[in-house]
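Input: a single structure, listed below in structure tokens.
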Amino acid sequence: MDTPLRSKNILVLHGPNLNLLGEREPEVYGTMTLAALNALLRRRARTLGATLKIFQSNGEGQLIDLIHKHRHWAQGLIFNPGAYTHYSYALRDAVAASQIPTVETHLSDIKKREPFRRRSVITPVCLKMICGLGAGSYLKALELLAHRRT
Ligand code: DQA
């Protein structure tokens, strides 16, 4: 039942400061490192028959370039834009321009944090936003994209 109809190419983009997962504000983001999170995603992708490419960048321009570069390869994008979530119209435009079906993910529940985090300029161009489940936010996004009929 877990196997999707067709195997999907899925791009995973982690934005700024997520390279420090595990040591960065563990009370907010947990103790799992980025390497451990990526290993979890790769394991789940294998059972779903999905092919993943995973990148982390602290740079807005680099994230835009990665979206552009993979726009014809990726059938899904799992995107945690970090703090860019709250103000980067350039990243929003890149997601919209790429036409990659995108699920925005956050480890923490951005709706219950400081007021500036409650607004996402990325959500309107995404299929869905999933937050507050830690690594589970990414796993849910992966399952949604892998099972999606296109
Ligand atoms: C985050 C939430 C953002 O507000 C923050 O700037 C991050 C991480 C999350 O995954 O919870 O860097 O995207």
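How things are named: the first chain in the structure tokens is A, the next is B, and so on; residues count from 1 in each chain; ligands count from 1 in the order shown.
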Please identify the residues whose atoms come within 8 Å of ligand 1, using only C-alpha atoms and all ligand atoms, and report them as an MDAnalysis selection string. chainID A and resid 15:18 28:29 80:86 105:110 117 131:132 134
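Note that DSSP on the backbone gives strand (DSSP E) to these residues of chain A: Asn9, Ile10, Leu11, Val12, Leu13, His14, Thr51, Leu52, Lys53, Ile54, Phe55, Gln56, Gly76, Leu77, Ile78, Phe79, Asn80, Thr102, Val103, Glu104, Thr105, His106, Lys128, Met129, Ile130 and Cys131 of chain A.
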Next, write the just-selected residues to a file, as a PDB file, in the first residue's frame, keeping N, CA and C atoms as the atom set.
```
ATOM      1  N   ASN A   9      10.718  12.051  -8.378  1.00  0.00           N
ATOM      2  CA  ASN A   9      11.952  12.771  -8.047  1.00  0.00           C
ATOM      3  C   ASN A   9      11.578  13.915  -7.114  1.00  0.00           C
ATOM      4  N   ILE A  10      12.156  13.901  -5.941  1.00  0.00           N
ATOM      5  CA  ILE A  10      11.788  14.918  -4.958  1.00  0.00           C
ATOM      6  C   ILE A  10      13.034  15.656  -4.467  1.00  0.00           C
ATOM      7  N   LEU A  11      12.941  16.974  -4.558  1.00  0.00           N
ATOM      8  CA  LEU A  11      14.021  17.852  -4.108  1.00  0.00           C
ATOM      9  C   LEU A  11      13.704  18.301  -2.676  1.00  0.00           C
ATOM     10  N   VAL A  12      14.718  18.210  -1.804  1.00  0.00           N
ATOM     11  CA  VAL A  12      14.557  18.681  -0.425  1.00  0.00           C
ATOM     12  C   VAL A  12      15.517  19.843  -0.225  1.00  0.00           C
ATOM     13  N   LEU A  13      14.986  20.997   0.146  1.00  0.00           N
ATOM     14  CA  LEU A  13      15.834  22.169   0.388  1.00  0.00           C
ATOM     15  C   LEU A  13      15.687  22.637   1.829  1.00  0.00           C
ATOM     16  N   HIS A  14      16.829  22.681   2.502  1.00  0.00           N
ATOM     17  CA  HIS A  14      16.875  23.223   3.858  1.00  0.00           C
ATOM     18  C   HIS A  14      17.516  24.604   3.772  1.00  0.00           C
ATOM     19  N   THR A  51      13.011   9.159  -5.389  1.00  0.00           N
ATOM     20  CA  THR A  51      14.420   9.545  -5.505  1.00  0.00           C
ATOM     21  C   THR A  51      14.578  10.947  -4.923  1.00  0.00           C
ATOM     22  N   LEU A  52      15.502  11.080  -3.978  1.00  0.00           N
ATOM     23  CA  LEU A  52      15.685  12.387  -3.325  1.00  0.00           C
ATOM     24  C   LEU A  52      16.988  13.040  -3.733  1.00  0.00           C
ATOM     25  N   LYS A  53      16.949  14.371  -3.861  1.00  0.00           N
ATOM     26  CA  LYS A  53      18.172  15.180  -3.869  1.00  0.00           C
ATOM     27  C   LYS A  53      17.999  16.167  -2.727  1.00  0.00           C
ATOM     28  N   ILE A  54      19.007  16.247  -1.872  1.00  0.00           N
ATOM     29  CA  ILE A  54      18.879  17.072  -0.664  1.00  0.00           C
ATOM     30  C   ILE A  54      20.010  18.099  -0.621  1.00  0.00           C
ATOM     31  N   PHE A  55      19.655  19.354  -0.353  1.00  0.00           N
ATOM     32  CA  PHE A  55      20.653  20.423  -0.225  1.00  0.00           C
ATOM     33  C   PHE A  55      20.300  21.310   0.963  1.00  0.00           C
ATOM     34  N   GLN A  56      21.337  21.898   1.541  1.00  0.00           N
ATOM     35  CA  GLN A  56      21.135  22.961   2.541  1.00  0.00           C
ATOM     36  C   GLN A  56      21.932  24.156   2.083  1.00  0.00           C
ATOM     37  N   GLY A  76       8.465  17.133  -7.106  1.00  0.00           N
ATOM     38  CA  GLY A  76       8.010  17.623  -5.814  1.00  0.00           C
ATOM     39  C   GLY A  76       9.156  18.332  -5.122  1.00  0.00           C
ATOM     40  N   LEU A  77       8.809  19.315  -4.326  1.00  0.00           N
ATOM     41  CA  LEU A  77       9.815  20.051  -3.543  1.00  0.00           C
ATOM     42  C   LEU A  77       9.359  20.108  -2.089  1.00  0.00           C
ATOM     43  N   ILE A  78      10.247  19.677  -1.203  1.00  0.00           N
ATOM     44  CA  ILE A  78      10.025  19.842   0.234  1.00  0.00           C
ATOM     45  C   ILE A  78      10.933  20.984   0.651  1.00  0.00           C
ATOM     46  N   PHE A  79      10.347  22.053   1.119  1.00  0.00           N
ATOM     47  CA  PHE A  79      11.113  23.285   1.292  1.00  0.00           C
ATOM     48  C   PHE A  79      10.922  23.861   2.699  1.00  0.00           C
ATOM     49  N   ASN A  80      12.042  23.903   3.432  1.00  0.00           N
ATOM     50  CA  ASN A  80      12.050  24.650   4.690  1.00  0.00           C
ATOM     51  C   ASN A  80      12.916  25.887   4.461  1.00  0.00           C
ATOM     52  N   THR A 102       5.014  22.053  -4.354  1.00  0.00           N
ATOM     53  CA  THR A 102       5.872  22.298  -3.193  1.00  0.00           C
ATOM     54  C   THR A 102       5.107  22.165  -1.880  1.00  0.00           C
ATOM     55  N   VAL A 103       5.753  21.499  -0.929  1.00  0.00           N
ATOM     56  CA  VAL A 103       5.225  21.475   0.437  1.00  0.00           C
ATOM     57  C   VAL A 103       6.222  22.222   1.319  1.00  0.00           C
ATOM     58  N   GLU A 104       5.743  23.287   1.933  1.00  0.00           N
ATOM     59  CA  GLU A 104       6.573  24.060   2.858  1.00  0.00           C
ATOM     60  C   GLU A 104       6.576  23.342   4.206  1.00  0.00           C
ATOM     61  N   THR A 105       7.755  23.189   4.774  1.00  0.00           N
ATOM     62  CA  THR A 105       7.840  22.469   6.053  1.00  0.00           C
ATOM     63  C   THR A 105       8.604  23.291   7.079  1.00  0.00           C
ATOM     64  N   HIS A 106       8.205  23.126   8.314  1.00  0.00           N
ATOM     65  CA  HIS A 106       8.929  23.721   9.446  1.00  0.00           C
ATOM     66  C   HIS A 106       8.951  22.729  10.590  1.00  0.00           C
ATOM     67  N   LYS A 128       0.760  22.968   0.330  1.00  0.00           N
ATOM     68  CA  LYS A 128       0.434  22.823   1.736  1.00  0.00           C
ATOM     69  C   LYS A 128       1.604  23.309   2.576  1.00  0.00           C
ATOM     70  N   MET A 129       1.305  23.681   3.810  1.00  0.00           N
ATOM     71  CA  MET A 129       2.362  24.006   4.778  1.00  0.00           C
ATOM     72  C   MET A 129       2.189  23.057   5.963  1.00  0.00           C
ATOM     73  N   ILE A 130       3.283  22.409   6.337  1.00  0.00           N
ATOM     74  CA  ILE A 130       3.233  21.476   7.474  1.00  0.00           C
ATOM     75  C   ILE A 130       4.258  21.940   8.497  1.00  0.00           C
ATOM     76  N   CYS A 131       3.828  22.167   9.733  1.00  0.00           N
ATOM     77  CA  CYS A 131       4.773  22.664  10.742  1.00  0.00           C
ATOM     78  C   CYS A 131       4.486  22.049  12.102  1.00  0.00           C
TER      79      CYS A 131
END
```
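Closest approach to Val121 in chain A among A:Ala36, A:Leu63, A:Arg92, A:Leu41: A:Arg92, based on only C-alpha atoms.
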When DSSP works through the backbone of this structure, what residues of chain A end up as helix (DSSP H, G or I), shown as a PyMOL selection string? chain A and resi 18-20+26-29+34-48+60-69+82-86+89-98+110-112+115-117+123-125+135-147
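From CA of Pro26 in chain A back to CA of Lys112 in chain A, the distance works out to 16.8 Å.
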Within 9 Å of Pro101 in chain A using only C-alpha atoms, minus same-chain residues under 6 positions, as a count of residues only: 10
